[in-house]
Amino acid sequence: MAYVPKILAFAGSTRTDSFNKKLVRIAAEGARKAGAEVISIDLRDYPLPIYDGDLEQREGLPANARKLKDLFLAHQGLLISAPEYNSSISAVLKNTIDWVSRPVPGEPPLGCFVDKVAALMSASTGALGGLRGLVHIRAILGNIRVIVLPDQGAVPKAHEAFAPDSSLKDPQQQAAVEQLGRNLAQVLSLLAH
Ligand SMILES: Cc1cc2nc3c(=O)[nH]c(=O)nc-3n(C[C@H](O)[C@H](O)[C@H](O)COP(=O)(O)O)c2cc1C
């Protein structure tokens with residue numbers, strides 16, 4: 001039976017009208033067209049307290065951290081579209097990574113991240129499209145042993161970039177973001193052989 005790559009897609013923003021939620025949906029569609037099974041989640045559905053070691057010691061992992069861990073463990077690929085906040089990673093994304101990275105008995109260290117493959121993108125209202133934030137996210141994920149694909153996407157002036165149907169107005173930009181998803185699916189398939 002043909003291998004079907006499994007990809008978890010999400011944005012590093014919880015905002016209802018998030019441009020990054022729109023962007024990651026485009027990449028997810030590209031991955032599906034390349035044969036991947038993609039599950040899209042909204043981090044708003046997995047609210048977590050700010051990581052606190054005392055809380056963890058007292059109460060263990062929050063239920064939503066456990067649910068997110070299970071999702072990460074069940075997928076080989078990560079499609080992440082993340083806004084840049086003050087030139088870096090958004091708090092919700094970092095907090096999610098921090099909770100998901102916590103060890104639990106019976107799970108190998110960093111089991112949610114080691115040898116996963118990620119494709120990154122960003123949409124921002126600024127002129128650089130969130131590129132500076134992606135540098136930090138790439139470093140963080142690389143340090144916890146995620147293979148981050150070299151190609152990435154950045155959509156500047158995001159408030160002007162999307163059509164009412166949530167596609168990108170610029171067809172070349174739309175195709176490039178879809179291609180990020182395709183690339184991820186293809187790399188996962190190659191690694192599986
Ligand atoms: C706290 C904060 C810091 C921000 N810092 C930056 C920044 O450094 N660079 C940038 O391009 N946009 C910055 N922005 C603007 C975001 O690009 C914009 O709010 C974007 O819409 C957020 O992504 P979302 O639409 O997916 O929620 C910032 C926004 C917030 C709320």
# chains A, B, ... in the order shown; residues from 1 in each chain; ligands from 1

call {"tool": "residues_around", "arguments": {"residues": "Arg102 in chain A", "least_positions_apart": "4", "cutoff": "12 Å", "atoms": "only C-alpha atoms", "output": "list in words"}}
result
Tyr51, Asp52, Gly53, Glu56, Gln57, Gly60, Leu61, Pro62, Ala65, Arg66, Leu68, Lys69, Asn95, Thr96, Ile97, Asp98, Glu107, Pro108, Pro109, Leu110, Gly111, Cys112, Phe113 and Ile144 of chain A

call {"tool": "write_last_selection", "arguments": {"atoms": "N, CA and C atoms", "output": "short mmCIF file (atom, residue, chain, number, x, y, z; two decimals), in the first residue's frame"}}
result
data_model
loop_
_atom_site.label_atom_id
_atom_site.label_comp_id
_atom_site.auth_asym_id
_atom_site.auth_seq_id
_atom_site.Cartn_x
_atom_site.Cartn_y
_atom_site.Cartn_z
N TYR A 51 3.75 28.17 30.77
CA TYR A 51 4.49 27.08 31.40
C TYR A 51 5.03 27.52 32.76
N ASP A 52 4.82 26.67 33.76
CA ASP A 52 5.25 26.96 35.13
C ASP A 52 5.68 25.62 35.75
N GLY A 53 6.95 25.55 36.10
CA GLY A 53 7.48 24.29 36.62
C GLY A 53 6.80 23.83 37.90
N GLU A 56 3.52 22.29 36.92
CA GLU A 56 3.75 20.97 36.33
C GLU A 56 4.04 19.94 37.42
N GLN A 57 4.86 20.34 38.41
CA GLN A 57 5.20 19.40 39.48
C GLN A 57 3.97 19.05 40.32
N GLY A 60 1.05 17.93 37.12
CA GLY A 60 1.41 17.20 35.90
C GLY A 60 1.06 18.01 34.66
N LEU A 61 1.05 17.32 33.54
CA LEU A 61 0.76 18.02 32.27
C LEU A 61 -0.71 18.41 32.21
N PRO A 62 -1.04 19.63 31.77
CA PRO A 62 -2.45 19.95 31.52
C PRO A 62 -3.03 19.02 30.45
N ALA A 65 -2.14 19.84 26.94
CA ALA A 65 -0.76 19.53 26.56
C ALA A 65 -0.65 18.05 26.18
N ARG A 66 -1.33 17.20 26.92
CA ARG A 66 -1.34 15.76 26.62
C ARG A 66 -1.96 15.52 25.24
N LEU A 68 -2.15 17.64 22.76
CA LEU A 68 -1.24 18.13 21.72
C LEU A 68 -0.07 17.17 21.54
N LYS A 69 0.45 16.65 22.64
CA LYS A 69 1.54 15.67 22.54
C LYS A 69 1.10 14.49 21.67
N ASN A 95 4.90 28.77 23.93
CA ASN A 95 4.33 28.08 25.09
C ASN A 95 3.86 26.67 24.71
N THR A 96 3.29 26.56 23.51
CA THR A 96 2.86 25.24 23.03
C THR A 96 4.08 24.32 22.89
N ILE A 97 5.13 24.82 22.26
CA ILE A 97 6.35 24.01 22.09
C ILE A 97 6.89 23.60 23.47
N ASP A 98 6.90 24.55 24.40
CA ASP A 98 7.46 24.26 25.73
C ASP A 98 6.68 23.14 26.42
N GLU A 107 7.87 7.86 27.25
CA GLU A 107 8.04 8.55 25.97
C GLU A 107 9.52 8.92 25.83
N PRO A 108 10.13 8.66 24.66
CA PRO A 108 11.54 9.04 24.53
C PRO A 108 11.70 10.55 24.65
N PRO A 109 12.88 11.01 25.10
CA PRO A 109 13.08 12.45 25.25
C PRO A 109 12.80 13.20 23.95
N LEU A 110 12.05 14.24 24.04
CA LEU A 110 11.66 15.07 22.88
C LEU A 110 11.00 14.23 21.78
N GLY A 111 10.31 13.18 22.20
CA GLY A 111 9.69 12.26 21.24
C GLY A 111 8.70 12.94 20.30
N CYS A 112 8.16 14.08 20.72
CA CYS A 112 7.20 14.78 19.85
C CYS A 112 7.89 15.55 18.73
N PHE A 113 9.23 15.66 18.82
CA PHE A 113 9.94 16.52 17.87
C PHE A 113 11.04 15.80 17.06
N ILE A 144 15.59 21.23 18.93
CA ILE A 144 14.89 20.08 19.52
C ILE A 144 14.73 18.97 18.46
#

call {"tool": "residues_near_ligand", "arguments": {"ligand": "ligand 1", "cutoff": "7 Å", "atoms": "only C-alpha atoms and all ligand atoms", "output": "ChimeraX atom specification"}}
result
/A:13-15,17-21,82-88,123-130,158

call {"tool": "closest_residue", "arguments": {"among": "A:Ala74, A:Val104, A:Ala91, A:Leu168", "to": "Ala27 in chain A", "atoms": "only C-alpha atoms"}}
result
A:Leu168

call {"tool": "select_by_dssp", "arguments": {"residues": "range 39-159 of chain A", "states": "alpha helix (DSSP H)", "output": "number ranges by chain"}}
result
A: 53-59, 63-73, 91-100, 131-143, 158-159

call {"tool": "closest_residue", "arguments": {"among": "A:Tyr46, A:Pro171, A:Gly12, A:Val38", "to": "Gly133 in chain A", "atoms": "only C-alpha atoms"}}
result
A:Gly12

call {"tool": "atom_distance", "arguments": {"atom1": "CA of Ala185 in chain A", "atom2": "CA of Pro5 in chain A"}}
result
6.1 Å

call {"tool": "closest_atom_pairs", "arguments": {"of": "range 44-95 of chain A", "to": "range 145-154 of chain A", "cutoff": "12 Å", "atoms": "only C-alpha atoms", "output": "Markdown table"}}
result
| residue | atom | partner | partner_atom | distance |
| --- | --- | --- | --- | --- |
| A:Phe72 | CA | A:Val146 | CA | 11.6 |
| A:Gln76 | CA | A:Val146 | CA | 10.0 |
| A:Gly77 | CA | A:Ile147 | CA | 9.5 |
| A:Leu78 | CA | A:Val148 | CA | 9.2 |
| A:Leu79 | CA | A:Val148 | CA | 10.1 |
| A:Ile80 | CA | A:Gln152 | CA | 10.1 |
| A:Ser81 | CA | A:Gly153 | CA | 8.7 |
| A:Ala82 | CA | A:Ala154 | CA | 9.6 |
| A:Pro83 | CA | A:Ala154 | CA | 9.6 |
| A:Glu84 | CA | A:Ala154 | CA | 10.4 |

call {"tool": "select_by_dssp", "arguments": {"residues": "range 5-103 of chain A", "states": "strand (DSSP E or B)", "output": "PyMOL selection string"}}
result
chain A and resi 6-11+37-40+77-81+84-85+88-89

call {"tool": "atom_distance", "arguments": {"atom1": "CA of Ala34 in chain A", "atom2": "CA of Arg182 in chain A"}}
result
5.3 Å

call {"tool": "closest_residue", "arguments": {"among": "A:Leu55, A:Arg138, A:Gln186, A:Asp42", "to": "Val24 in chain A", "atoms": "only C-alpha atoms"}}
result
A:Asp42

call {"tool": "atom_distance", "arguments": {"atom1": "CA of Asp165 in chain A", "atom2": "CA of Leu23 in chain A"}}
result
11.9 Å

call {"tool": "closest_residue", "arguments": {"among": "A:Gly35, A:Gly106, A:Pro49, A:Pro164", "to": "Lys94 in chain A", "atoms": "only C-alpha atoms"}}
result
A:Pro49
